[in-house]
Amino acid sequence: MKVLTANRLTDGEAVWFSAAGSWAETIDGADVVADKDGEARLEAIGKAAFDNNEVVDVNVIDVDVVAGVIKPQRLREVIRAAGPTNRLDLGKQARPAAGAA
Amino acid sequence: MYRYDEFDHDFVKARVAEFSDQVERRLAGEITEDQFRPLRLMNGVYLQLHAYMLRIAVPYGTLNSKQLRMLGHIARKYDKGYGHFTTRQNIQFNWPALSDIPAILADLASVEMHAIQTSGNCIRNVTADHFAGAAADEVADPRPYAEILRQWSSVHPEFSYLPRKFKIAVTGAERDRAAIQTHDIGLHLKKNDKGELGFAVYVGGGQGRTPMVGKKIRDFLPEEHLLSYTTAILRVYNLYGRRDNKYKARIKILVHETGVDEITRQVEAEWQALKDGELKLPEADVAAIQAYFAPPSLAARPEGDEAIKVARLDSKSFGEWLDQNVFTHRNPDYAAVTISLKGIGEAPGDATDSQMEAVADIAERYAFDEIRVSHEQNLILPHVARADLRAVYDALVAIDLATANSNLITDIIACPGLDYCALANARSISVAQDISRRFASLERQRDIGELKLKISGCINACGHHHVGHIGILGVEKKGAELYQVTLGGSADEHTSVGEIIGRGFGPEEITDAIETIVETYLRIRNDASEKFLDAYRRVGPAPFKEALYASEAKAA
Ligand code: HEM
Ligand code: SF4
């Protein structure tokens, strides 16, 4: 399974394309696709957002969905989705919502 | 220290205005990322995993308190309350918004700082011995020459689009504390028989995926020829350096493929045409720059010895700090102090906003307003009266910066690794923290003695792992982190590249493996005076391999 991720142009914040159709600051609600068509759709959305100067460094990444929770496969993406592992007070992991989820 | 003249001020101001305009146009969507990327890199702006990163130059590692206070201010106002001091004597902020960068650069310009040429295929920040101007073993302060190089190389039209990045380091002492042989050009300032100043010139050192030790191509270059000779080297490189493959584009590959004799011949030939021209440094110009680096006038403070004797009796931990973090100054009443940014379990090189401000205060009060950034990711107070060491120590204790581990196993160099860096394969900081905790006991660390442990999160080697006595390189294997260990590297005047010891270790094994290596050293050393590196050079890898892998070999 895959999701679409990027960094927001203005502040570099890591963002994921959400099922609600916008760029969200956490991976939780990301639009997860399971087939080639879905992947192509995400890629097109990413390209359009890049061309439209909303985001940079656009990537479609591999994830697993475990008990409804989206988990990136590569450690790099796990760290992007959470924050530095040595600073739990920084990044997405520091947000109250992330703790509650 | 050096102060900007009118030209410098105008130049930096113009650059801030230019880049601010470029940022504005990017944010407005008037220029594309592909157009903007090279522009932002020229101004030190990278994109990492979580956010943008801004790399700010600290020329030859020298700061005054006003500048350090400004870095603290930037950390607080625009970032997340800390900065990361790097092996290139720069500081990196990990979280700035692109839209704030014009304001940050304007703040920096107000204290004579900038981020120009901290990235890109140009001549980067020139680094120097962090004890420059203070060390007892120094022939002369190398920083005036670093400043001359900085002025000459800033937006140098001929050398702004080299085949690849270009790094120069200078030292003024026989004992190399600036790792000059790991640089594209390494300069060792020395005196000849007649007492004249000049340089031994090394070229073609480097780390990255193909580590090479610099080759000495000239034993003595008179100081007046610094720029003509450097220009000759860069011309040869610019002409023949490979542009077809970025992994082969550094000068180290050119030197290696061409051969030292031939490169030397080419450089000397080019130099013959240049040496008596306009690049020859007039004595008056050198003297004018040197004047900026005149040492502070150090009043006699002979009461230091007595004060220290008393303070030692009063506090064991002060004594330990004194033994470990205080370095001999050329003036016997003074000392140079290493402020360790390697607290046990902390991220190497990180300092908080309030720590930066507090160090600035200490420097202002006790250290003639001078601070240095070392390539080992620590801060240095180069001139402190020995009589004031206790007061400085107490002030450092108050801000958690009095760890007495300079040059010991927990004084680890580590790059940002996978916790921040977009190129990383594995984490570095977490490994450093784990090892630091394992060896937390100062008694144990002091028993082990001098040991330089260096960690990089990928083969780019920003954490100098190739030249660590123990080096750790993070790689990715089947989607997991794996750490490869090298032994026997060194970045001093006897630079060597470490040798890979065997198969790598997982994140939960690596600290045990390091402990096994250290225990093996303790077992085989002749006596406590034989350092890790000397013991390794004497016995080679065999006993370490045996200790790490023998049980495996038997089981197999
Ligand atoms: C965004 C973060 C960074 C990026 C993208 C980056 C990129 C690179 C690359 C690509 C190389 C290899 C160059 C080559 O082999 O030609 C390199 C080398 C190096 N970098 Fe970094 N780096 C980063 C952070 C750092 C940091 C934090 C430090 C200091 C701690 C640093 C210091 C160095 C040093 C000392 C080298 C090896 C010396 C050499 O150039 O051969 N870099 N870096
Ligand atoms: S060595 Fe690799 S992981 Fe570490 S900072 Fe350099 S590029 Fe990033």
# chains A, B, ... in the order shown; residues from 1 in each chain; ligands from 1

$ interface_residues --of "chain A" --to "chain B" --cutoff "6 Å" --atoms "only C-alpha atoms" --output "ChimeraX atom specification"
/A:10-14,53,80,84

$ write_last_selection --atoms "C-alpha atoms" --output "compact mmCIF listing (two decimals), in the first residue's frame"
# COMPACT_ATOMS: atom_id res chain seq x y z
CA THR A 10 6.64 27.76 2.63
CA ASP A 11 8.00 26.17 5.78
CA GLY A 12 9.29 22.73 4.78
CA GLU A 13 6.81 20.96 7.08
CA ALA A 14 6.44 17.27 6.18
CA ASN A 53 4.35 25.42 -5.98
CA ARG A 80 9.63 11.78 8.94
CA PRO A 84 13.83 12.88 15.40

$ residues_around --residues "Arg175 in chain B" --least-positions-apart "5" --cutoff "8 Å" --atoms "only C-alpha atoms" --output "MDAnalysis selection string"
chainID B and resid 137 492:493

$ write_last_selection --atoms "N, CA and C atoms" --output "compact mmCIF listing (two decimals), in the first residue's frame"
# COMPACT_ATOMS: atom_id res chain seq x y z
N ASP B 137 51.97 25.64 21.16
CA ASP B 137 52.83 24.96 20.19
C ASP B 137 52.72 25.55 18.78
N ASP B 492 45.12 13.47 12.46
CA ASP B 492 46.14 14.42 12.90
C ASP B 492 47.29 14.47 11.89
N GLU B 493 48.48 14.84 12.35
CA GLU B 493 49.60 14.97 11.41
C GLU B 493 50.05 13.61 10.86

$ select_by_dssp --residues "chain A" --states "alpha helix (DSSP H)" --output "PDB file with all heavy atoms, in the first residue's frame"
ATOM      1  N   LYS A  36      -2.295  -0.058  -8.699  1.00  0.00           N
ATOM      2  CA  LYS A  36      -1.580   0.784  -9.672  1.00  0.00           C
ATOM      3  C   LYS A  36      -2.370   2.048 -10.028  1.00  0.00           C
ATOM      4  O   LYS A  36      -1.799   3.128 -10.161  1.00  0.00           O
ATOM      5  CB  LYS A  36      -1.318  -0.005 -10.963  1.00  0.00           C
ATOM      6  CG  LYS A  36      -0.190  -0.998 -10.822  1.00  0.00           C
ATOM      7  CD  LYS A  36       1.159  -0.334 -11.197  1.00  0.00           C
ATOM      8  CE  LYS A  36       2.329  -1.231 -10.857  1.00  0.00           C
ATOM      9  NZ  LYS A  36       3.052  -0.886  -9.645  1.00  0.00           N
ATOM     10  N   ASP A  37      -3.664   1.900 -10.163  1.00  0.00           N
ATOM     11  CA  ASP A  37      -4.475   3.060 -10.529  1.00  0.00           C
ATOM     12  C   ASP A  37      -4.408   4.123  -9.437  1.00  0.00           C
ATOM     13  O   ASP A  37      -4.262   5.317  -9.701  1.00  0.00           O
ATOM     14  CB  ASP A  37      -5.950   2.654 -10.735  1.00  0.00           C
ATOM     15  CG  ASP A  37      -6.126   1.897 -12.039  1.00  0.00           C
ATOM     16  OD1 ASP A  37      -5.133   1.868 -12.815  1.00  0.00           O
ATOM     17  OD2 ASP A  37      -7.209   1.335 -12.268  1.00  0.00           O
ATOM     18  N   GLY A  38      -4.524   3.641  -8.200  1.00  0.00           N
ATOM     19  CA  GLY A  38      -4.463   4.562  -7.068  1.00  0.00           C
ATOM     20  C   GLY A  38      -3.127   5.263  -7.023  1.00  0.00           C
ATOM     21  O   GLY A  38      -3.026   6.476  -6.796  1.00  0.00           O
ATOM     22  N   GLU A  39      -2.096   4.483  -7.263  1.00  0.00           N
ATOM     23  CA  GLU A  39      -0.742   5.031  -7.241  1.00  0.00           C
ATOM     24  C   GLU A  39      -0.589   6.116  -8.314  1.00  0.00           C
ATOM     25  O   GLU A  39      -0.035   7.182  -8.059  1.00  0.00           O
ATOM     26  CB  GLU A  39       0.230   3.890  -7.522  1.00  0.00           C
ATOM     27  CG  GLU A  39       1.588   4.076  -6.931  1.00  0.00           C
ATOM     28  CD  GLU A  39       2.472   2.854  -7.192  1.00  0.00           C
ATOM     29  OE1 GLU A  39       2.037   1.706  -6.935  1.00  0.00           O
ATOM     30  OE2 GLU A  39       3.569   3.071  -7.685  1.00  0.00           O
ATOM     31  N   ALA A  40      -1.096   5.810  -9.498  1.00  0.00           N
ATOM     32  CA  ALA A  40      -1.012   6.777 -10.600  1.00  0.00           C
ATOM     33  C   ALA A  40      -1.779   8.044 -10.236  1.00  0.00           C
ATOM     34  O   ALA A  40      -1.349   9.167 -10.537  1.00  0.00           O
ATOM     35  CB  ALA A  40      -1.570   6.163 -11.880  1.00  0.00           C
ATOM     36  N   ARG A  41      -2.899   7.869  -9.561  1.00  0.00           N
ATOM     37  CA  ARG A  41      -3.693   9.026  -9.160  1.00  0.00           C
ATOM     38  C   ARG A  41      -2.889   9.886  -8.179  1.00  0.00           C
ATOM     39  O   ARG A  41      -2.780  11.106  -8.335  1.00  0.00           O
ATOM     40  CB  ARG A  41      -5.011   8.558  -8.516  1.00  0.00           C
ATOM     41  CG  ARG A  41      -5.925   9.701  -8.066  1.00  0.00           C
ATOM     42  CD  ARG A  41      -7.286   9.184  -7.579  1.00  0.00           C
ATOM     43  NE  ARG A  41      -7.200   8.250  -6.459  1.00  0.00           N
ATOM     44  CZ  ARG A  41      -7.070   8.626  -5.177  1.00  0.00           C
ATOM     45  NH1 ARG A  41      -7.016   9.899  -4.863  1.00  0.00           N
ATOM     46  NH2 ARG A  41      -6.985   7.718  -4.227  1.00  0.00           N
ATOM     47  N   LEU A  42      -2.266   9.239  -7.168  1.00  0.00           N
ATOM     48  CA  LEU A  42      -1.465   9.995  -6.199  1.00  0.00           C
ATOM     49  C   LEU A  42      -0.296  10.696  -6.890  1.00  0.00           C
ATOM     50  O   LEU A  42       0.021  11.851  -6.587  1.00  0.00           O
ATOM     51  CB  LEU A  42      -0.927   9.078  -5.091  1.00  0.00           C
ATOM     52  CG  LEU A  42      -1.945   8.543  -4.086  1.00  0.00           C
ATOM     53  CD1 LEU A  42      -1.223   7.786  -2.970  1.00  0.00           C
ATOM     54  CD2 LEU A  42      -2.803   9.654  -3.482  1.00  0.00           C
ATOM     55  N   GLU A  43       0.340  10.002  -7.800  1.00  0.00           N
ATOM     56  CA  GLU A  43       1.468  10.612  -8.487  1.00  0.00           C
ATOM     57  C   GLU A  43       1.040  11.866  -9.249  1.00  0.00           C
ATOM     58  O   GLU A  43       1.737  12.883  -9.237  1.00  0.00           O
ATOM     59  CB  GLU A  43       2.146   9.608  -9.423  1.00  0.00           C
ATOM     60  CG  GLU A  43       3.347   8.985  -8.735  1.00  0.00           C
ATOM     61  CD  GLU A  43       3.832   7.684  -9.349  1.00  0.00           C
ATOM     62  OE1 GLU A  43       3.493   7.413 -10.522  1.00  0.00           O
ATOM     63  OE2 GLU A  43       4.532   6.944  -8.638  1.00  0.00           O
ATOM     64  N   ALA A  44      -0.116  11.778  -9.860  1.00  0.00           N
ATOM     65  CA  ALA A  44      -0.629  12.930 -10.610  1.00  0.00           C
ATOM     66  C   ALA A  44      -0.939  14.093  -9.665  1.00  0.00           C
ATOM     67  O   ALA A  44      -0.633  15.258  -9.959  1.00  0.00           O
ATOM     68  CB  ALA A  44      -1.876  12.528 -11.400  1.00  0.00           C
ATOM     69  N   ILE A  45      -1.509  13.763  -8.517  1.00  0.00           N
ATOM     70  CA  ILE A  45      -1.816  14.816  -7.532  1.00  0.00           C
ATOM     71  C   ILE A  45      -0.515  15.469  -7.057  1.00  0.00           C
ATOM     72  O   ILE A  45      -0.399  16.693  -6.966  1.00  0.00           O
ATOM     73  CB  ILE A  45      -2.588  14.229  -6.321  1.00  0.00           C
ATOM     74  CG1 ILE A  45      -3.985  13.773  -6.756  1.00  0.00           C
ATOM     75  CG2 ILE A  45      -2.680  15.242  -5.181  1.00  0.00           C
ATOM     76  CD1 ILE A  45      -4.723  12.931  -5.710  1.00  0.00           C
ATOM     77  N   GLY A  46       0.472  14.627  -6.794  1.00  0.00           N
ATOM     78  CA  GLY A  46       1.772  15.136  -6.335  1.00  0.00           C
ATOM     79  C   GLY A  46       2.407  16.047  -7.364  1.00  0.00           C
ATOM     80  O   GLY A  46       2.903  17.127  -7.037  1.00  0.00           O
ATOM     81  N   LYS A  47       2.374  15.617  -8.596  1.00  0.00           N
ATOM     82  CA  LYS A  47       2.999  16.408  -9.653  1.00  0.00           C
ATOM     83  C   LYS A  47       2.295  17.755  -9.804  1.00  0.00           C
ATOM     84  O   LYS A  47       2.940  18.799  -9.928  1.00  0.00           O
ATOM     85  CB  LYS A  47       2.975  15.638 -10.976  1.00  0.00           C
ATOM     86  CG  LYS A  47       3.630  16.425 -12.091  1.00  0.00           C
ATOM     87  CD  LYS A  47       3.915  15.613 -13.333  1.00  0.00           C
ATOM     88  CE  LYS A  47       4.684  16.411 -14.385  1.00  0.00           C
ATOM     89  NZ  LYS A  47       4.299  17.802 -14.553  1.00  0.00           N
ATOM     90  N   ALA A  48       0.975  17.706  -9.739  1.00  0.00           N
ATOM     91  CA  ALA A  48       0.212  18.948  -9.874  1.00  0.00           C
ATOM     92  C   ALA A  48       0.529  19.904  -8.721  1.00  0.00           C
ATOM     93  O   ALA A  48       0.707  21.111  -8.923  1.00  0.00           O
ATOM     94  CB  ALA A  48      -1.286  18.641  -9.918  1.00  0.00           C
ATOM     95  N   ALA A  49       0.626  19.349  -7.511  1.00  0.00           N
ATOM     96  CA  ALA A  49       0.906  20.209  -6.349  1.00  0.00           C
ATOM     97  C   ALA A  49       2.317  20.783  -6.421  1.00  0.00           C
ATOM     98  O   ALA A  49       2.567  21.919  -6.021  1.00  0.00           O
ATOM     99  CB  ALA A  49       0.724  19.415  -5.050  1.00  0.00           C
ATOM    100  N   PHE A  50       3.253  19.973  -6.939  1.00  0.00           N
ATOM    101  CA  PHE A  50       4.633  20.453  -7.130  1.00  0.00           C
ATOM    102  C   PHE A  50       4.647  21.572  -8.174  1.00  0.00           C
ATOM    103  O   PHE A  50       5.201  22.650  -7.946  1.00  0.00           O
ATOM    104  CB  PHE A  50       5.520  19.285  -7.566  1.00  0.00           C
ATOM    105  CG  PHE A  50       6.949  19.672  -7.830  1.00  0.00           C
ATOM    106  CD1 PHE A  50       7.857  19.778  -6.788  1.00  0.00           C
ATOM    107  CD2 PHE A  50       7.394  19.923  -9.126  1.00  0.00           C
ATOM    108  CE1 PHE A  50       9.185  20.133  -7.023  1.00  0.00           C
ATOM    109  CE2 PHE A  50       8.717  20.283  -9.366  1.00  0.00           C
ATOM    110  CZ  PHE A  50       9.610  20.380  -8.314  1.00  0.00           C
ATOM    111  N   ASP A  51       3.977  21.304  -9.298  1.00  0.00           N
ATOM    112  CA  ASP A  51       3.935  22.307 -10.366  1.00  0.00           C
ATOM    113  C   ASP A  51       3.247  23.586  -9.905  1.00  0.00           C
ATOM    114  O   ASP A  51       3.538  24.679 -10.369  1.00  0.00           O
ATOM    115  CB  ASP A  51       3.213  21.750 -11.598  1.00  0.00           C
ATOM    116  CG  ASP A  51       4.045  20.680 -12.296  1.00  0.00           C
ATOM    117  OD1 ASP A  51       5.264  20.601 -12.002  1.00  0.00           O
ATOM    118  OD2 ASP A  51       3.483  19.910 -13.098  1.00  0.00           O
ATOM    119  N   LEU A  75      12.422   3.102   7.577  1.00  0.00           N
ATOM    120  CA  LEU A  75      12.691   3.859   8.800  1.00  0.00           C
ATOM    121  C   LEU A  75      12.734   5.364   8.518  1.00  0.00           C
ATOM    122  O   LEU A  75      12.253   6.184   9.301  1.00  0.00           O
ATOM    123  CB  LEU A  75      14.023   3.394   9.406  1.00  0.00           C
ATOM    124  CG  LEU A  75      14.435   4.104  10.694  1.00  0.00           C
ATOM    125  CD1 LEU A  75      13.379   3.934  11.789  1.00  0.00           C
ATOM    126  CD2 LEU A  75      15.789   3.595  11.176  1.00  0.00           C
ATOM    127  N   ARG A  76      13.314   5.719   7.370  1.00  0.00           N
ATOM    128  CA  ARG A  76      13.378   7.126   6.984  1.00  0.00           C
ATOM    129  C   ARG A  76      11.989   7.767   7.061  1.00  0.00           C
ATOM    130  O   ARG A  76      11.819   8.865   7.595  1.00  0.00           O
ATOM    131  CB  ARG A  76      13.899   7.185   5.547  1.00  0.00           C
ATOM    132  CG  ARG A  76      13.924   8.539   4.917  1.00  0.00           C
ATOM    133  CD  ARG A  76      14.272   8.380   3.437  1.00  0.00           C
ATOM    134  NE  ARG A  76      14.873   9.570   2.879  1.00  0.00           N
ATOM    135  CZ  ARG A  76      14.186  10.599   2.409  1.00  0.00           C
ATOM    136  NH1 ARG A  76      12.854  10.595   2.432  1.00  0.00           N
ATOM    137  NH2 ARG A  76      14.812  11.645   1.922  1.00  0.00           N
ATOM    138  N   GLU A  77      11.008   7.064   6.525  1.00  0.00           N
ATOM    139  CA  GLU A  77       9.650   7.614   6.500  1.00  0.00           C
ATOM    140  C   GLU A  77       8.982   7.536   7.871  1.00  0.00           C
ATOM    141  O   GLU A  77       8.137   8.369   8.205  1.00  0.00           O
ATOM    142  CB  GLU A  77       8.825   6.907   5.425  1.00  0.00           C
ATOM    143  CG  GLU A  77       9.308   7.214   4.013  1.00  0.00           C
ATOM    144  CD  GLU A  77       9.278   8.712   3.686  1.00  0.00           C
ATOM    145  OE1 GLU A  77       8.375   9.412   4.185  1.00  0.00           O
ATOM    146  OE2 GLU A  77      10.175   9.187   2.950  1.00  0.00           O
ATOM    147  N   VAL A  78       9.354   6.532   8.671  1.00  0.00           N
ATOM    148  CA  VAL A  78       8.847   6.466  10.045  1.00  0.00           C
ATOM    149  C   VAL A  78       9.316   7.710  10.796  1.00  0.00           C
ATOM    150  O   VAL A  78       8.542   8.366  11.504  1.00  0.00           O
ATOM    151  CB  VAL A  78       9.356   5.182  10.758  1.00  0.00           C
ATOM    152  CG1 VAL A  78       9.003   5.208  12.244  1.00  0.00           C
ATOM    153  CG2 VAL A  78       8.794   3.939  10.083  1.00  0.00           C
ATOM    154  N   ILE A  79      10.595   8.044  10.599  1.00  0.00           N
ATOM    155  CA  ILE A  79      11.158   9.208  11.301  1.00  0.00           C
ATOM    156  C   ILE A  79      10.543  10.512  10.774  1.00  0.00           C
ATOM    157  O   ILE A  79      10.240  11.422  11.546  1.00  0.00           O
ATOM    158  CB  ILE A  79      12.705   9.197  11.203  1.00  0.00           C
ATOM    159  CG1 ILE A  79      13.255   8.028  12.033  1.00  0.00           C
ATOM    160  CG2 ILE A  79      13.300  10.527  11.675  1.00  0.00           C
ATOM    161  CD1 ILE A  79      14.756   7.794  11.917  1.00  0.00           C
ATOM    162  N   ARG A  80      10.300  10.578   9.475  1.00  0.00           N
ATOM    163  CA  ARG A  80       9.633  11.781   8.942  1.00  0.00           C
ATOM    164  C   ARG A  80       8.246  11.946   9.539  1.00  0.00           C
ATOM    165  O   ARG A  80       7.797  13.052   9.837  1.00  0.00           O
ATOM    166  CB  ARG A  80       9.504  11.689   7.416  1.00  0.00           C
ATOM    167  CG  ARG A  80      10.704  12.208   6.652  1.00  0.00           C
ATOM    168  CD  ARG A  80      10.444  12.200   5.156  1.00  0.00           C
ATOM    169  NE  ARG A  80       9.721  13.364   4.710  1.00  0.00           N
ATOM    170  CZ  ARG A  80       8.523  13.359   4.140  1.00  0.00           C
ATOM    171  NH1 ARG A  80       7.898  12.216   3.924  1.00  0.00           N
ATOM    172  NH2 ARG A  80       7.944  14.471   3.775  1.00  0.00           N
ATOM    173  N   ALA A  81       7.564  10.826   9.701  1.00  0.00           N
ATOM    174  CA  ALA A  81       6.181  10.886  10.188  1.00  0.00           C
ATOM    175  C   ALA A  81       6.099  11.146  11.683  1.00  0.00           C
ATOM    176  O   ALA A  81       5.054  11.549  12.199  1.00  0.00           O
ATOM    177  CB  ALA A  81       5.459   9.583   9.843  1.00  0.00           C
ATOM    178  N   ALA A  82       7.217  10.927  12.399  1.00  0.00           N
ATOM    179  CA  ALA A  82       7.181  11.079  13.857  1.00  0.00           C
ATOM    180  C   ALA A  82       8.015  12.269  14.327  1.00  0.00           C
ATOM    181  O   ALA A  82       7.566  13.097  15.118  1.00  0.00           O
ATOM    182  CB  ALA A  82       7.691   9.799  14.524  1.00  0.00           C
ATOM    183  N   PRO A  96      -0.046  16.910  20.773  1.00  0.00           N
ATOM    184  CA  PRO A  96      -0.978  16.228  21.675  1.00  0.00           C
ATOM    185  C   PRO A  96      -1.814  15.190  20.924  1.00  0.00           C
ATOM    186  O   PRO A  96      -1.979  14.068  21.387  1.00  0.00           O
ATOM    187  CB  PRO A  96      -1.876  17.349  22.215  1.00  0.00           C
ATOM    188  CG  PRO A  96      -1.185  18.623  21.884  1.00  0.00           C
ATOM    189  CD  PRO A  96      -0.193  18.367  20.811  1.00  0.00           C
ATOM    190  N   ALA A  97      -2.251  15.536  19.720  1.00  0.00           N
ATOM    191  CA  ALA A  97      -3.124  14.633  18.965  1.00  0.00           C
ATOM    192  C   ALA A  97      -2.427  13.311  18.673  1.00  0.00           C
ATOM    193  O   ALA A  97      -3.033  12.248  18.743  1.00  0.00           O
ATOM    194  CB  ALA A  97      -3.543  15.298  17.658  1.00  0.00           C
ATOM    195  N   ALA A  98      -1.114  13.406  18.373  1.00  0.00           N
ATOM    196  CA  ALA A  98      -0.385  12.191  18.037  1.00  0.00           C
ATOM    197  C   ALA A  98      -0.337  11.255  19.228  1.00  0.00           C
ATOM    198  O   ALA A  98      -0.479  10.046  19.105  1.00  0.00           O
ATOM    199  CB  ALA A  98       1.031  12.543  17.580  1.00  0.00           C
ATOM    200  N   GLY A  99      -0.180  11.825  20.411  1.00  0.00           N
ATOM    201  CA  GLY A  99      -0.147  11.011  21.617  1.00  0.00           C
ATOM    202  C   GLY A  99      -1.483  10.336  21.868  1.00  0.00           C
ATOM    203  O   GLY A  99      -1.550   9.173  22.256  1.00  0.00           O
ATOM    204  N   ALA A 100      -2.550  11.069  21.617  1.00  0.00           N
ATOM    205  CA  ALA A 100      -3.890  10.560  21.907  1.00  0.00           C
ATOM    206  C   ALA A 100      -4.295   9.468  20.922  1.00  0.00           C
ATOM    207  O   ALA A 100      -5.053   8.570  21.256  1.00  0.00           O
ATOM    208  CB  ALA A 100      -4.890  11.707  21.848  1.00  0.00           C
TER     209      ALA A 100
END

$ residues_near_ligand --ligand "ligand 1" --cutoff "8 Å" --atoms "only C-alpha atoms and all ligand atoms" --output "ChimeraX atom specification"
/B:46-48,53,84-90,92,164-167,182-184,205-211,246-250,377,413-416,420-423,459-464

$ residues_around --residues "Trp23 in chain A" --least-positions-apart "4" --cutoff "9 Å" --atoms "only C-alpha atoms" --output "PyMOL selection string"
chain A and resi 5-6+8+15-18+30

$ closest_residue --among "B:Asn94, B:Thr231, B:Gln445, B:Ser297" --to "ligand 2" --atoms "only C-alpha atoms and all ligand atoms"
B:Asn94

$ atom_distance --atom1 "CA of Asn405 in chain B" --atom2 "CA of Leu189 in chain B"
28.9 Å

$ residues_around --residues "range 64-71 of chain A" --least-positions-apart "2" --cutoff "8 Å" --atoms "only C-alpha atoms" --output "count of residues only"
8

$ select_by_dssp --residues "range 173-362 of chain B" --states "strand (DSSP E)" --output "ChimeraX atom specification"
/B:185-191,197-203,215-222,326-328,334-339,350-352

$ decode --residues "range 338-350 of chain B" --atoms "N, CA, C and O atoms" --output "PDB file, in the first residue's frame"
ATOM      1  N   THR B 338      38.063  23.906  26.625  1.00  0.00           N
ATOM      2  CA  THR B 338      37.097  23.228  25.754  1.00  0.00           C
ATOM      3  C   THR B 338      35.770  23.087  26.488  1.00  0.00           C
ATOM      4  O   THR B 338      35.709  22.516  27.573  1.00  0.00           O
ATOM      5  N   ILE B 339      34.734  23.649  25.884  1.00  0.00           N
ATOM      6  CA  ILE B 339      33.386  23.486  26.429  1.00  0.00           C
ATOM      7  C   ILE B 339      32.767  22.311  25.691  1.00  0.00           C
ATOM      8  O   ILE B 339      32.447  22.404  24.504  1.00  0.00           O
ATOM      9  N   SER B 340      32.620  21.211  26.376  1.00  0.00           N
ATOM     10  CA  SER B 340      32.145  20.000  25.714  1.00  0.00           C
ATOM     11  C   SER B 340      30.667  20.117  25.366  1.00  0.00           C
ATOM     12  O   SER B 340      29.832  20.387  26.226  1.00  0.00           O
ATOM     13  N   LEU B 341      30.353  19.900  24.082  1.00  0.00           N
ATOM     14  CA  LEU B 341      28.935  19.798  23.688  1.00  0.00           C
ATOM     15  C   LEU B 341      28.576  18.313  23.577  1.00  0.00           C
ATOM     16  O   LEU B 341      27.787  17.910  22.727  1.00  0.00           O
ATOM     17  N   LYS B 342      29.181  17.511  24.435  1.00  0.00           N
ATOM     18  CA  LYS B 342      28.998  16.061  24.406  1.00  0.00           C
ATOM     19  C   LYS B 342      28.577  15.570  25.772  1.00  0.00           C
ATOM     20  O   LYS B 342      29.143  14.606  26.303  1.00  0.00           O
ATOM     21  N   GLY B 343      27.629  16.253  26.381  1.00  0.00           N
ATOM     22  CA  GLY B 343      27.110  15.771  27.648  1.00  0.00           C
ATOM     23  C   GLY B 343      26.708  14.303  27.507  1.00  0.00           C
ATOM     24  O   GLY B 343      26.309  13.872  26.425  1.00  0.00           O
ATOM     25  N   ILE B 344      26.827  13.556  28.591  1.00  0.00           N
ATOM     26  CA  ILE B 344      26.506  12.125  28.522  1.00  0.00           C
ATOM     27  C   ILE B 344      25.066  11.933  28.049  1.00  0.00           C
ATOM     28  O   ILE B 344      24.123  12.479  28.615  1.00  0.00           O
ATOM     29  N   GLY B 345      24.909  11.181  26.963  1.00  0.00           N
ATOM     30  CA  GLY B 345      23.583  10.896  26.424  1.00  0.00           C
ATOM     31  C   GLY B 345      22.987  12.011  25.583  1.00  0.00           C
ATOM     32  O   GLY B 345      21.846  11.925  25.141  1.00  0.00           O
ATOM     33  N   GLU B 346      23.764  13.075  25.346  1.00  0.00           N
ATOM     34  CA  GLU B 346      23.245  14.184  24.537  1.00  0.00           C
ATOM     35  C   GLU B 346      23.628  14.012  23.063  1.00  0.00           C
ATOM     36  O   GLU B 346      24.543  13.266  22.735  1.00  0.00           O
ATOM     37  N   ALA B 347      22.946  14.751  22.193  1.00  0.00           N
ATOM     38  CA  ALA B 347      23.286  14.726  20.768  1.00  0.00           C
ATOM     39  C   ALA B 347      24.570  15.531  20.560  1.00  0.00           C
ATOM     40  O   ALA B 347      24.609  16.721  20.884  1.00  0.00           O
ATOM     41  N   PRO B 348      25.632  14.919  20.019  1.00  0.00           N
ATOM     42  CA  PRO B 348      26.897  15.640  19.838  1.00  0.00           C
ATOM     43  C   PRO B 348      26.728  16.923  19.027  1.00  0.00           C
ATOM     44  O   PRO B 348      26.113  16.921  17.957  1.00  0.00           O
ATOM     45  N   GLY B 349      27.279  18.016  19.552  1.00  0.00           N
ATOM     46  CA  GLY B 349      27.285  19.269  18.809  1.00  0.00           C
ATOM     47  C   GLY B 349      26.056  20.142  18.982  1.00  0.00           C
ATOM     48  O   GLY B 349      26.032  21.265  18.501  1.00  0.00           O
ATOM     49  N   ASP B 350      25.034  19.648  19.662  1.00  0.00           N
ATOM     50  CA  ASP B 350      23.839  20.473  19.846  1.00  0.00           C
ATOM     51  C   ASP B 350      24.016  21.416  21.041  1.00  0.00           C
ATOM     52  O   ASP B 350      24.548  21.025  22.073  1.00  0.00           O
TER      53      ASP B 350
END
